>>> print(open('data10.txt').read())   # compact mmCIF, N, CA and C atoms
# COMPACT_ATOMS: atom_id res chain seq x y z
N SER A 1 -100.66 32.78 32.18
CA SER A 1 -101.40 33.64 33.08
C SER A 1 -100.61 34.93 33.32
N ASN A 2 -101.30 36.05 33.34
CA ASN A 2 -100.61 37.33 33.56
C ASN A 2 -101.21 38.12 34.71
N TYR A 3 -101.67 37.42 35.72
CA TYR A 3 -102.20 38.08 36.91
C TYR A 3 -102.00 37.17 38.12
N VAL A 4 -102.20 37.74 39.27
CA VAL A 4 -102.07 36.98 40.51
C VAL A 4 -103.31 37.26 41.35
N ASP A 5 -103.92 36.22 41.89
CA ASP A 5 -105.03 36.38 42.82
C ASP A 5 -104.47 36.31 44.23
N TYR A 6 -104.77 37.29 45.06
CA TYR A 6 -104.30 37.26 46.44
C TYR A 6 -105.26 38.03 47.32
N ARG A 7 -105.15 37.76 48.60
CA ARG A 7 -105.96 38.47 49.59
C ARG A 7 -105.02 38.98 50.66
N LEU A 8 -105.08 40.27 50.91
CA LEU A 8 -104.25 40.91 51.92
C LEU A 8 -105.16 41.29 53.08
N VAL A 9 -104.83 40.83 54.27
CA VAL A 9 -105.63 41.11 55.45
C VAL A 9 -104.81 41.99 56.37
N MET A 10 -105.38 43.13 56.76
CA MET A 10 -104.66 44.05 57.65
C MET A 10 -105.65 44.98 58.32
N GLN A 11 -105.20 45.67 59.33
CA GLN A 11 -106.01 46.67 60.00
C GLN A 11 -106.09 47.92 59.13
N ARG A 12 -107.22 48.58 59.14
CA ARG A 12 -107.36 49.83 58.40
C ARG A 12 -106.41 50.87 59.00
N GLN A 13 -105.77 51.64 58.12
CA GLN A 13 -104.84 52.69 58.53
C GLN A 13 -105.49 54.06 58.30
N PRO A 14 -105.16 55.06 59.12
CA PRO A 14 -105.71 56.40 58.89
C PRO A 14 -105.36 56.89 57.48
N ASN A 15 -106.31 57.48 56.81
CA ASN A 15 -106.13 58.05 55.46
C ASN A 15 -105.69 57.02 54.43
N GLN A 16 -105.97 55.76 54.65
CA GLN A 16 -105.57 54.70 53.72
C GLN A 16 -106.36 54.81 52.42
N ASP A 17 -105.65 54.68 51.32
CA ASP A 17 -106.28 54.73 50.00
C ASP A 17 -105.31 54.15 49.00
N GLY A 18 -105.79 53.68 47.89
CA GLY A 18 -104.90 53.16 46.86
C GLY A 18 -105.60 52.16 45.95
N ALA A 19 -104.81 51.31 45.31
CA ALA A 19 -105.32 50.38 44.30
C ALA A 19 -106.44 49.49 44.83
N CYS A 20 -106.44 49.19 46.11
CA CYS A 20 -107.48 48.33 46.69
C CYS A 20 -108.63 49.13 47.28
N GLY A 21 -108.64 50.44 47.07
CA GLY A 21 -109.71 51.28 47.58
C GLY A 21 -109.34 51.99 48.86
N ASN A 22 -110.34 52.59 49.49
CA ASN A 22 -110.08 53.39 50.70
C ASN A 22 -110.62 52.73 51.97
N PHE A 23 -111.13 51.53 51.85
CA PHE A 23 -111.56 50.72 52.99
C PHE A 23 -112.66 51.39 53.83
N ASN A 24 -113.54 52.11 53.14
CA ASN A 24 -114.66 52.71 53.85
C ASN A 24 -115.92 51.85 53.74
N GLY A 25 -115.81 50.68 53.10
CA GLY A 25 -116.95 49.78 52.95
C GLY A 25 -117.88 50.15 51.82
N GLU A 26 -117.53 51.15 51.03
CA GLU A 26 -118.36 51.64 49.94
C GLU A 26 -117.67 51.31 48.61
N ALA A 27 -118.03 50.18 48.01
CA ALA A 27 -117.36 49.72 46.79
C ALA A 27 -117.52 50.69 45.63
N SER A 28 -118.58 51.47 45.62
CA SER A 28 -118.84 52.37 44.49
C SER A 28 -117.79 53.46 44.33
N ASP A 29 -117.01 53.76 45.38
CA ASP A 29 -115.98 54.80 45.22
C ASP A 29 -114.57 54.21 45.13
N ASP A 30 -114.47 52.94 44.76
CA ASP A 30 -113.18 52.28 44.64
C ASP A 30 -112.80 51.96 43.18
N SER A 31 -113.46 52.59 42.22
CA SER A 31 -113.09 52.37 40.82
C SER A 31 -111.72 52.98 40.56
N THR A 32 -111.10 52.56 39.48
CA THR A 32 -109.80 53.13 39.09
C THR A 32 -109.91 54.64 38.98
N ALA A 33 -110.96 55.13 38.32
CA ALA A 33 -111.12 56.57 38.14
C ALA A 33 -111.26 57.29 39.48
N ALA A 34 -112.03 56.71 40.39
CA ALA A 34 -112.23 57.36 41.70
C ALA A 34 -110.93 57.41 42.50
N VAL A 35 -110.18 56.31 42.49
CA VAL A 35 -108.90 56.29 43.22
C VAL A 35 -107.94 57.30 42.61
N PHE A 36 -107.82 57.31 41.26
CA PHE A 36 -106.93 58.27 40.61
C PHE A 36 -107.32 59.71 40.93
N SER A 37 -108.63 59.98 41.00
CA SER A 37 -109.06 61.35 41.29
C SER A 37 -108.69 61.77 42.71
N ARG A 38 -108.61 60.79 43.63
CA ARG A 38 -108.26 61.11 45.01
C ARG A 38 -106.76 61.20 45.24
N ILE A 39 -106.01 60.26 44.66
CA ILE A 39 -104.58 60.19 45.00
C ILE A 39 -103.64 60.24 43.80
N GLY A 40 -104.17 60.24 42.59
CA GLY A 40 -103.32 60.25 41.41
C GLY A 40 -103.02 58.85 40.93
N ALA A 41 -102.30 58.77 39.82
CA ALA A 41 -102.03 57.49 39.19
C ALA A 41 -100.76 56.82 39.71
N ARG A 42 -99.85 57.58 40.28
CA ARG A 42 -98.58 57.03 40.73
C ARG A 42 -98.31 57.47 42.16
N VAL A 43 -97.55 56.66 42.88
CA VAL A 43 -97.14 57.02 44.23
C VAL A 43 -96.14 58.17 44.14
N PRO A 44 -96.36 59.26 44.88
CA PRO A 44 -95.41 60.38 44.85
C PRO A 44 -94.02 59.92 45.28
N SER A 45 -92.98 60.50 44.68
CA SER A 45 -91.59 60.09 44.95
C SER A 45 -91.28 60.06 46.44
N GLY A 46 -91.77 61.02 47.21
CA GLY A 46 -91.48 61.08 48.64
C GLY A 46 -92.15 60.00 49.45
N GLN A 47 -93.06 59.22 48.84
CA GLN A 47 -93.77 58.18 49.57
C GLN A 47 -93.41 56.77 49.10
N LEU A 48 -92.42 56.65 48.21
CA LEU A 48 -92.01 55.34 47.72
C LEU A 48 -91.41 54.51 48.84
N LEU A 49 -91.64 53.21 48.83
CA LEU A 49 -91.05 52.32 49.82
C LEU A 49 -89.59 52.01 49.49
N PHE A 50 -89.24 52.12 48.21
CA PHE A 50 -87.89 51.79 47.78
C PHE A 50 -87.22 53.05 47.21
N ASN A 51 -85.91 53.00 47.05
CA ASN A 51 -85.16 54.16 46.57
C ASN A 51 -85.49 54.55 45.14
N ASP A 52 -85.77 53.58 44.31
CA ASP A 52 -86.01 53.85 42.90
C ASP A 52 -87.38 53.34 42.49
N ARG A 53 -87.97 54.03 41.54
CA ARG A 53 -89.25 53.61 40.99
C ARG A 53 -88.98 52.49 39.98
N ALA A 54 -89.77 51.44 40.03
CA ALA A 54 -89.61 50.32 39.10
C ALA A 54 -89.91 50.79 37.68
N GLN A 55 -89.17 50.27 36.73
CA GLN A 55 -89.43 50.57 35.33
C GLN A 55 -90.67 49.78 34.91
N VAL A 56 -91.64 50.49 34.37
CA VAL A 56 -92.89 49.87 33.96
C VAL A 56 -92.83 49.62 32.46
N GLY A 57 -93.12 48.39 32.07
CA GLY A 57 -93.15 48.05 30.66
C GLY A 57 -94.54 47.61 30.25
N PHE A 58 -94.73 47.42 28.99
CA PHE A 58 -96.01 47.00 28.46
C PHE A 58 -95.75 45.73 27.65
N THR A 59 -96.28 44.60 28.11
CA THR A 59 -95.99 43.31 27.50
C THR A 59 -96.73 43.12 26.17
N ASP A 60 -96.31 42.12 25.42
CA ASP A 60 -96.98 41.80 24.17
C ASP A 60 -98.44 41.40 24.43
N VAL A 61 -98.68 40.69 25.53
CA VAL A 61 -100.04 40.29 25.89
C VAL A 61 -100.89 41.54 26.16
N GLU A 62 -100.34 42.49 26.90
CA GLU A 62 -101.08 43.72 27.18
C GLU A 62 -101.36 44.51 25.90
N LYS A 63 -100.40 44.54 25.00
CA LYS A 63 -100.61 45.21 23.70
C LYS A 63 -101.75 44.54 22.95
N LYS A 64 -101.78 43.20 22.96
CA LYS A 64 -102.84 42.46 22.29
C LYS A 64 -104.20 42.76 22.94
N LEU A 65 -104.23 42.79 24.28
CA LEU A 65 -105.47 43.10 24.98
C LEU A 65 -106.00 44.48 24.59
N MET A 66 -105.10 45.44 24.41
CA MET A 66 -105.53 46.79 24.02
C MET A 66 -106.24 46.77 22.68
N THR A 67 -105.80 45.91 21.75
CA THR A 67 -106.46 45.84 20.44
C THR A 67 -107.84 45.20 20.55
N MET A 68 -108.08 44.49 21.65
CA MET A 68 -109.36 43.80 21.85
C MET A 68 -110.35 44.60 22.70
N CYS A 69 -109.92 45.72 23.23
CA CYS A 69 -110.80 46.57 24.03
C CYS A 69 -111.88 47.16 23.12
N GLU A 70 -113.11 47.16 23.58
CA GLU A 70 -114.21 47.73 22.80
C GLU A 70 -113.88 49.17 22.41
N PRO A 71 -114.09 49.57 21.15
CA PRO A 71 -113.72 50.91 20.70
C PRO A 71 -114.30 52.04 21.56
N GLU A 72 -115.55 51.93 21.97
CA GLU A 72 -116.16 52.97 22.80
C GLU A 72 -115.47 53.05 24.17
N THR A 73 -115.19 51.88 24.75
CA THR A 73 -114.49 51.84 26.05
C THR A 73 -113.08 52.39 25.91
N LEU A 74 -112.40 52.03 24.82
CA LEU A 74 -111.04 52.52 24.59
C LEU A 74 -111.01 54.03 24.45
N SER A 75 -112.00 54.58 23.75
CA SER A 75 -112.08 56.04 23.59
C SER A 75 -112.30 56.72 24.94
N LYS A 76 -113.20 56.17 25.75
CA LYS A 76 -113.44 56.71 27.09
C LYS A 76 -112.20 56.56 27.96
N ALA A 77 -111.49 55.44 27.80
CA ALA A 77 -110.27 55.20 28.57
C ALA A 77 -109.22 56.25 28.24
N GLN A 78 -109.06 56.55 26.95
CA GLN A 78 -108.04 57.52 26.55
C GLN A 78 -108.35 58.90 27.12
N SER A 79 -109.58 59.36 26.95
CA SER A 79 -109.91 60.70 27.45
C SER A 79 -109.89 60.74 28.97
N GLY A 80 -110.39 59.68 29.61
CA GLY A 80 -110.40 59.64 31.07
C GLY A 80 -109.00 59.58 31.66
N CYS A 81 -108.12 58.78 31.05
CA CYS A 81 -106.75 58.66 31.55
C CYS A 81 -105.97 59.95 31.33
N GLU A 82 -106.19 60.59 30.20
CA GLU A 82 -105.53 61.89 29.96
C GLU A 82 -105.93 62.87 31.06
N GLU A 83 -107.21 62.88 31.40
CA GLU A 83 -107.71 63.80 32.44
C GLU A 83 -107.12 63.44 33.81
N MET A 84 -107.11 62.15 34.15
CA MET A 84 -106.61 61.73 35.47
C MET A 84 -105.11 61.95 35.62
N LEU A 85 -104.38 61.77 34.54
CA LEU A 85 -102.92 61.83 34.62
C LEU A 85 -102.36 63.24 34.40
N LYS A 86 -103.16 64.16 33.93
CA LYS A 86 -102.62 65.47 33.57
C LYS A 86 -102.09 66.26 34.77
N GLY A 87 -102.58 66.01 35.95
CA GLY A 87 -102.12 66.72 37.13
C GLY A 87 -100.74 66.30 37.59
N ARG A 88 -100.17 65.27 36.96
CA ARG A 88 -98.86 64.77 37.36
C ARG A 88 -97.82 65.04 36.28
N GLY A 89 -98.02 66.12 35.54
CA GLY A 89 -97.10 66.42 34.46
C GLY A 89 -97.51 65.67 33.21
N SER A 90 -96.59 65.50 32.31
CA SER A 90 -96.87 64.80 31.06
C SER A 90 -96.70 63.30 31.28
N PRO A 91 -97.80 62.52 31.20
CA PRO A 91 -97.68 61.07 31.44
C PRO A 91 -96.88 60.40 30.33
N SER A 92 -96.13 59.38 30.69
CA SER A 92 -95.39 58.61 29.69
C SER A 92 -96.38 57.75 28.89
N ARG A 93 -95.91 57.24 27.77
CA ARG A 93 -96.73 56.37 26.94
C ARG A 93 -97.15 55.14 27.73
N VAL A 94 -96.24 54.56 28.52
CA VAL A 94 -96.55 53.36 29.30
C VAL A 94 -97.57 53.68 30.39
N GLU A 95 -97.45 54.84 31.03
CA GLU A 95 -98.45 55.22 32.05
C GLU A 95 -99.83 55.33 31.41
N MET A 96 -99.91 55.95 30.24
CA MET A 96 -101.20 56.07 29.54
C MET A 96 -101.73 54.69 29.18
N GLN A 97 -100.88 53.84 28.61
CA GLN A 97 -101.31 52.50 28.21
C GLN A 97 -101.77 51.70 29.42
N SER A 98 -101.04 51.78 30.52
CA SER A 98 -101.41 51.04 31.72
C SER A 98 -102.74 51.50 32.27
N CYS A 99 -102.93 52.81 32.29
CA CYS A 99 -104.21 53.37 32.75
C CYS A 99 -105.35 52.89 31.86
N MET A 100 -105.14 52.97 30.56
CA MET A 100 -106.18 52.55 29.62
C MET A 100 -106.50 51.07 29.74
N LEU A 101 -105.48 50.25 29.97
CA LEU A 101 -105.69 48.82 30.17
C LEU A 101 -106.54 48.58 31.41
N ASP A 102 -106.26 49.34 32.48
CA ASP A 102 -107.07 49.23 33.70
C ASP A 102 -108.52 49.58 33.43
N VAL A 103 -108.75 50.62 32.64
CA VAL A 103 -110.13 51.03 32.34
C VAL A 103 -110.81 49.96 31.49
N CYS A 104 -110.10 49.42 30.52
CA CYS A 104 -110.70 48.41 29.63
C CYS A 104 -111.00 47.09 30.35
N TYR A 105 -110.11 46.69 31.27
CA TYR A 105 -110.22 45.36 31.86
C TYR A 105 -110.23 45.35 33.39
N GLY A 106 -110.33 46.50 34.02
CA GLY A 106 -110.25 46.58 35.48
C GLY A 106 -111.34 45.84 36.21
N ALA A 107 -112.45 45.56 35.57
CA ALA A 107 -113.54 44.84 36.22
C ALA A 107 -113.81 43.53 35.48
N ASN A 108 -112.72 42.84 35.09
CA ASN A 108 -112.93 41.63 34.29
C ASN A 108 -113.68 40.56 35.09
N GLN A 109 -114.40 39.74 34.38
CA GLN A 109 -115.30 38.77 35.00
C GLN A 109 -114.58 37.74 35.86
N HIS A 110 -113.36 37.36 35.49
CA HIS A 110 -112.61 36.40 36.31
C HIS A 110 -112.39 36.95 37.71
N VAL A 111 -111.92 38.16 37.78
CA VAL A 111 -111.62 38.77 39.07
C VAL A 111 -112.90 38.95 39.88
N LEU A 112 -113.97 39.42 39.25
CA LEU A 112 -115.23 39.60 39.97
C LEU A 112 -115.78 38.27 40.47
N LYS A 113 -115.71 37.22 39.64
CA LYS A 113 -116.21 35.91 40.05
C LYS A 113 -115.42 35.39 41.25
N LEU A 114 -114.09 35.50 41.20
CA LEU A 114 -113.27 35.04 42.31
C LEU A 114 -113.58 35.84 43.57
N ALA A 115 -113.66 37.16 43.44
CA ALA A 115 -113.92 38.01 44.60
C ALA A 115 -115.25 37.65 45.25
N LYS A 116 -116.26 37.43 44.44
CA LYS A 116 -117.57 37.06 44.98
C LYS A 116 -117.52 35.69 45.64
N SER A 117 -116.83 34.73 45.02
CA SER A 117 -116.78 33.38 45.58
C SER A 117 -116.04 33.35 46.92
N MET A 118 -115.13 34.28 47.12
CA MET A 118 -114.36 34.33 48.36
C MET A 118 -115.01 35.27 49.39
N GLY A 119 -116.15 35.88 49.01
CA GLY A 119 -116.82 36.80 49.92
C GLY A 119 -116.12 38.14 50.02
N TRP A 120 -115.29 38.48 49.03
CA TRP A 120 -114.53 39.73 49.07
C TRP A 120 -115.27 40.88 48.44
N ALA A 121 -116.31 40.59 47.69
CA ALA A 121 -117.04 41.65 46.98
C ALA A 121 -118.53 41.52 47.29
N ASP A 122 -119.20 42.62 47.33
CA ASP A 122 -120.63 42.66 47.50
C ASP A 122 -121.25 41.91 46.34
N LYS A 123 -121.99 40.85 46.61
CA LYS A 123 -122.54 40.02 45.54
C LYS A 123 -123.56 40.75 44.68
N SER A 124 -124.07 41.90 45.13
CA SER A 124 -125.02 42.66 44.32
C SER A 124 -124.31 43.51 43.27
N LEU A 125 -123.00 43.69 43.39
CA LEU A 125 -122.26 44.50 42.45
C LEU A 125 -121.98 43.72 41.18
N HIS A 126 -122.02 44.37 40.07
CA HIS A 126 -121.63 43.81 38.77
C HIS A 126 -122.37 42.51 38.47
N ALA A 127 -123.59 42.38 38.89
CA ALA A 127 -124.34 41.13 38.69
C ALA A 127 -124.61 40.89 37.23
>>> encode(input="data10.txt", output="structure tokens")
Amino acid sequence: SNYVDYRLVMQRQPNQDGACGNFNGEASDDSTAAVFSRIGARVPSGQLLFNDRAQVGFTDVEKKLMTMCEPETLSKAQSGCEEMLKGRGSPSRVEMQSCMLDVCYGANQHVLKLAKSMGWADKSLHA
């Protein structure tokens, strides 16, 4: 397994936004592309919780998944990620690959099924 299922419960914070969305109750604006367009692909250095940014790698499993991404989706992922990441300088190869992997598999059926079963997602979405 290369993922973790978890639920984080907390009070909404002013101007909150990120990987889990912006908590406005509108799931349609919480896609990877929408979040990246609002806040970028990476946490700005001045907002990191730790002194150093973690080194991001790309596993053999992730490389294999990239070869299995539908060609049309992969093409859209590449152009979309280039557009989203360009405002942050020149993205690294791993940043591009990670972004593209999110686009290819960000709405995978396992995650959607679990979210719906736990009442975390609007059951009308992605039906």
>>> atom_distance(input="data10.txt", atom1="CA of Arg93 (chain A)", atom2="CA of Asp5 (chain A)")
26.8 Å
>>> atom_distance(input="data10.txt", atom1="atom C of Arg38 (chain A)", atom2="atom N of Cys69 (chain A)")
27.1 Å
>>> residues_around(input="data10.txt", residues="region 13-17 of chain A", least_positions_apart="6", cutoff="10 Å", atoms="only C-alpha atoms", output="list of chain:residue names")
A:Phe23, A:Asn24, A:Asp30, A:Val35, A:Arg38, A:Ile39
>>> closest_residue(input="data10.txt", among="A:Ala54, A:Gly40, A:Val61, A:Met100", to="Glu82 (chain A)", atoms="all atoms listed in the file")
A:Met100
